[in-house]
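The structure appears below as structure tokens.
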Amino acid sequence: MLILSRKKDEKVMIGDSIELWVVDIRGDSVKLGINAPREVKVFRGEIADEIEAANQAALASRLDLPFPDLQDTPNTPSK
Amino acid sequence: MLLETRAYGTVEIEETQLLEFPEGLLGFEEYHKFALIDAHKKPFFWLQSTQDVKIAFVLIKPSTFHDSYEPGITLEELAPIGAESVSDCLIFAIVTILEAGPMTANLQGPLFISKSTRKGMQCISPKDEYRTKHDILEEMAARSE
């Protein structure tokens with residue numbers, strides 16, 4: 001893994017088209033700015049893990065969908 | 001054709017209900033073939049794997065319970081499914097219904113399905129307001145107040 005030291009307002013280039021800026025540093029929190037082509041997906045690292053966990057949880061859903069027919073009851077009864 | 005489903009046993013489905021997910025879903029990258037089936041209860045759908053009967057997800061259209069859902073997915077991101085436009089896509093959220101606890105929908109990782117290519121993918125919304133667990137009934141109740 002390449003590890004670089006950067007100060008506030010300095011940037012890192014990834015390839016020709018991705019710029020990573022250190023926008024602000026406060027305590028143990030770093031604010032980053034990212035310029036990337038639109039086809040490059042940029043998201044917080046833990047999000048993909050969260051979605052994967054949500055997909056796993058969804059597989060255990062009950063089969064009977066034990067809820068009122070929502071379209072017929074817009075005023076949903078309390079749980 | 002006949003398809004074995006987790007929810008309803010063996011059912012008859014049309015060719016037009018078959019979908020391809022070239023990249024699978026997050027954590028389920030090896031499953032590429034699915035069928036979209038109306039659930040017996042509105043407004044739900046089932047996304048049933050045609051490769052493994054155990055792999056099946058309950059889906060809901062976000063508009064059913066959430067106003068103006070705009071996950072911020074660009075046409076460029078939809079290249080894997082060959083979508084002609086963002087509006088060419090049906091958008092679904094995966095629902096989790098456990099024995100206890102609220103029924104939740106994942107608005108952070110929506111499914112986009114191109115109507116023209118019948119291919120689908122799971123996207124990741126870059127917006128912080130969307131989470132993996134939106135309480136469906138609570139949001140519907142808040143909307144109707």
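Letters A, B, ... mark the chains of the structure tokens in the order given; residue numbers begin at 1 per chain; ligand numbers begin at 1, in order shown.
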
Could I get the residues of chain B with an atom no further than 8 Å from an atom of chain A, each paired with its nearest atom pair and that distance in Å to one decimal, using only C-alpha atoms, sorted by chain and residue number, as CSV?
```
residue,atom,partner,partner_atom,distance
B:Arg6,CA,A:Leu63,CA,7.8
B:Ala7,CA,A:Leu63,CA,5.6
B:Leu26,CA,A:Glu52,CA,5.1
B:Gly27,CA,A:Glu52,CA,5.2
B:Lys41,CA,A:Asp69,CA,6.1
B:Lys42,CA,A:Asp69,CA,5.6
B:Pro43,CA,A:Leu70,CA,6.4
B:Ile55,CA,A:Leu59,CA,6.8
B:Ala56,CA,A:Leu59,CA,6.4
B:Phe57,CA,A:Leu59,CA,6.0
B:Val58,CA,A:Ala58,CA,7.5
B:Thr74,CA,A:Arg38,CA,7.2
B:Glu76,CA,A:Glu39,CA,4.8
B:Glu77,CA,A:Glu39,CA,5.1
B:Ile94,CA,A:Ala58,CA,7.1
B:Val95,CA,A:Ala58,CA,6.2
B:Thr96,CA,A:Ala58,CA,4.3
B:Ile97,CA,A:Ser61,CA,4.6
B:Leu98,CA,A:Ser61,CA,5.3
B:Glu99,CA,A:Arg62,CA,6.9
B:Asn106,CA,A:Ala54,CA,7.3
B:Gln108,CA,A:Ile51,CA,7.3
B:Gly109,CA,A:Ile51,CA,6.0
B:Ile124,CA,A:Phe43,CA,7.6
B:Pro126,CA,A:Phe43,CA,5.9
B:Thr132,CA,A:Ile51,CA,6.4
B:Lys133,CA,A:Ala54,CA,8.0
B:Leu137,CA,A:Thr76,CA,6.7
B:Met140,CA,A:Thr76,CA,7.0
B:Ala141,CA,A:Thr76,CA,5.9
B:Ser144,CA,A:Asn75,CA,6.3
```

Legend entry - DSSP-assigned strand (DSSP E) among chain A, expressed as a list in words: Lys11, Val12, Met13, Ile14, Ile18, Glu19, Leu20, Trp21, Val22, Val23, Asp24, Ile25, Arg26, Ser29, Val30, Lys31, Leu32, Gly33, Ile34 and Asn35 of chain A

Those same residues, written as a compact mmCIF listing (two decimals), in the first residue's frame with C-alpha atoms?
```
# COMPACT_ATOMS: atom_id res chain seq x y z
CA LYS A 11 -3.97 16.88 -3.19
CA VAL A 12 -3.25 13.39 -4.51
CA MET A 13 -3.78 12.35 -8.13
CA ILE A 14 -5.04 8.85 -8.93
CA ILE A 18 -9.16 11.46 -10.14
CA GLU A 19 -8.19 14.22 -7.71
CA LEU A 20 -8.30 13.79 -3.96
CA TRP A 21 -8.05 16.98 -1.90
CA VAL A 22 -7.53 17.34 1.82
CA VAL A 23 -10.13 20.03 2.45
CA ASP A 24 -9.93 20.23 6.24
CA ILE A 25 -8.40 18.45 9.20
CA ARG A 26 -9.99 18.68 12.63
CA SER A 29 -11.45 13.77 11.31
CA VAL A 30 -10.31 14.52 7.77
CA LYS A 31 -12.58 16.15 5.21
CA LEU A 32 -11.80 15.03 1.67
CA GLY A 33 -12.86 16.49 -1.66
CA ILE A 34 -12.96 14.16 -4.66
CA ASN A 35 -13.07 15.01 -8.35
```

Legend entry - Point-to-point distance from atom CA of B:Ile73 to atom CA of B:Pro110, Å rounded to tenths: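 Going from atom CA of B:Ile73 over to atom CA of B:Pro110, I get 9.6 Å.
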
Inset, instruction - Find the distance between atom CA of B:Phe45 and atom CA of B:Thr64 and write it in Å to one decimal. - result: 12.2 Å

Inset, instruction - Record the distance separating atom CA of B:Ile113 and atom CA of B:Leu78, expressed in Å with one decimal. - result: 9.4 Å

Inset, instruction - Write out as a list in words which residues come within 9 Å of B:Glu84 when counting only C-alpha atoms, dropping same-chain ones fewer than 3 positions away. - result: Leu75, Leu78, Ala79, Ser87, Asp88, Cys89, Ser114, Ser116 and Thr117 of chain B

Restricting the output to C-alpha atoms, write the selected residues as a PDB file, in the first residue's frame.
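Full text of result.pdb as output:
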```pdb
ATOM      1  CA  LEU B  75     -26.589   7.174 -16.441  1.00  0.00           C
ATOM      2  CA  LEU B  78     -25.903   2.324 -15.201  1.00  0.00           C
ATOM      3  CA  ALA B  79     -23.629   1.320 -18.106  1.00  0.00           C
ATOM      4  CA  SER B  87     -36.060   7.031 -16.602  1.00  0.00           C
ATOM      5  CA  ASP B  88     -35.769   3.782 -18.608  1.00  0.00           C
ATOM      6  CA  CYS B  89     -35.242   2.094 -15.246  1.00  0.00           C
ATOM      7  CA  SER B 114     -33.708  -1.320 -17.314  1.00  0.00           C
ATOM      8  CA  SER B 116     -35.428  -1.946 -22.441  1.00  0.00           C
ATOM      9  CA  THR B 117     -32.667  -4.478 -21.713  1.00  0.00           C
TER      10      THR B 117
END
```

Inset, instruction - Run DSSP on the backbone and give me the residues of chain A it puts in helix (DSSP H, G or I), as JSON, numbers by chain. - result: {"A": [45, 46, 47, 48, 49, 50, 51, 52, 53, 54, 55, 56, 57, 58, 59, 70, 71, 72]}

Let's have the selection written as a PDB file, in the first residue's frame, with C-alpha atoms.
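again-v7.pdb written:
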```pdb
ATOM      1  CA  GLY A  45     -15.981   2.527   2.505  1.00  0.00           C
ATOM      2  CA  GLU A  46     -18.341   1.091   5.098  1.00  0.00           C
ATOM      3  CA  ILE A  47     -21.431   1.572   2.906  1.00  0.00           C
ATOM      4  CA  ALA A  48     -20.823  -1.403   0.637  1.00  0.00           C
ATOM      5  CA  ASP A  49     -20.449  -3.570   3.778  1.00  0.00           C
ATOM      6  CA  GLU A  50     -23.691  -2.149   5.184  1.00  0.00           C
ATOM      7  CA  ILE A  51     -25.611  -2.892   1.988  1.00  0.00           C
ATOM      8  CA  GLU A  52     -24.183  -6.406   1.830  1.00  0.00           C
ATOM      9  CA  ALA A  53     -25.284  -6.979   5.438  1.00  0.00           C
ATOM     10  CA  ALA A  54     -28.731  -5.580   4.604  1.00  0.00           C
ATOM     11  CA  ASN A  55     -29.005  -7.968   1.636  1.00  0.00           C
ATOM     12  CA  GLN A  56     -28.105 -10.897   3.901  1.00  0.00           C
ATOM     13  CA  ALA A  57     -30.688  -9.812   6.478  1.00  0.00           C
ATOM     14  CA  ALA A  58     -33.359  -9.435   3.785  1.00  0.00           C
ATOM     15  CA  LEU A  59     -32.917 -13.085   2.762  1.00  0.00           C
ATOM     16  CA  LEU A  70     -50.719  -1.119   1.941  1.00  0.00           C
ATOM     17  CA  GLN A  71     -52.241   0.353  -1.190  1.00  0.00           C
ATOM     18  CA  ASP A  72     -55.708  -0.130   0.200  1.00  0.00           C
TER      19      ASP A  72
END
```

Legend entry - Residue among B:Asp128, B:Asp67, B:Asp135, B:Glu20 lying closest to B:Leu36, counting only C-alpha atoms: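 Of the candidates, the smallest distance to B:Leu36 is held by B:Glu20.
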
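Close contacts of B:Lys127, defined as residues with an atom at most 8 Å away when counting only C-alpha atoms, with chain neighbours fewer than 2 positions off set aside, comprise Pro71, Gly72, Gln108, Ser125, Glu129 and Tyr130 of chain B.
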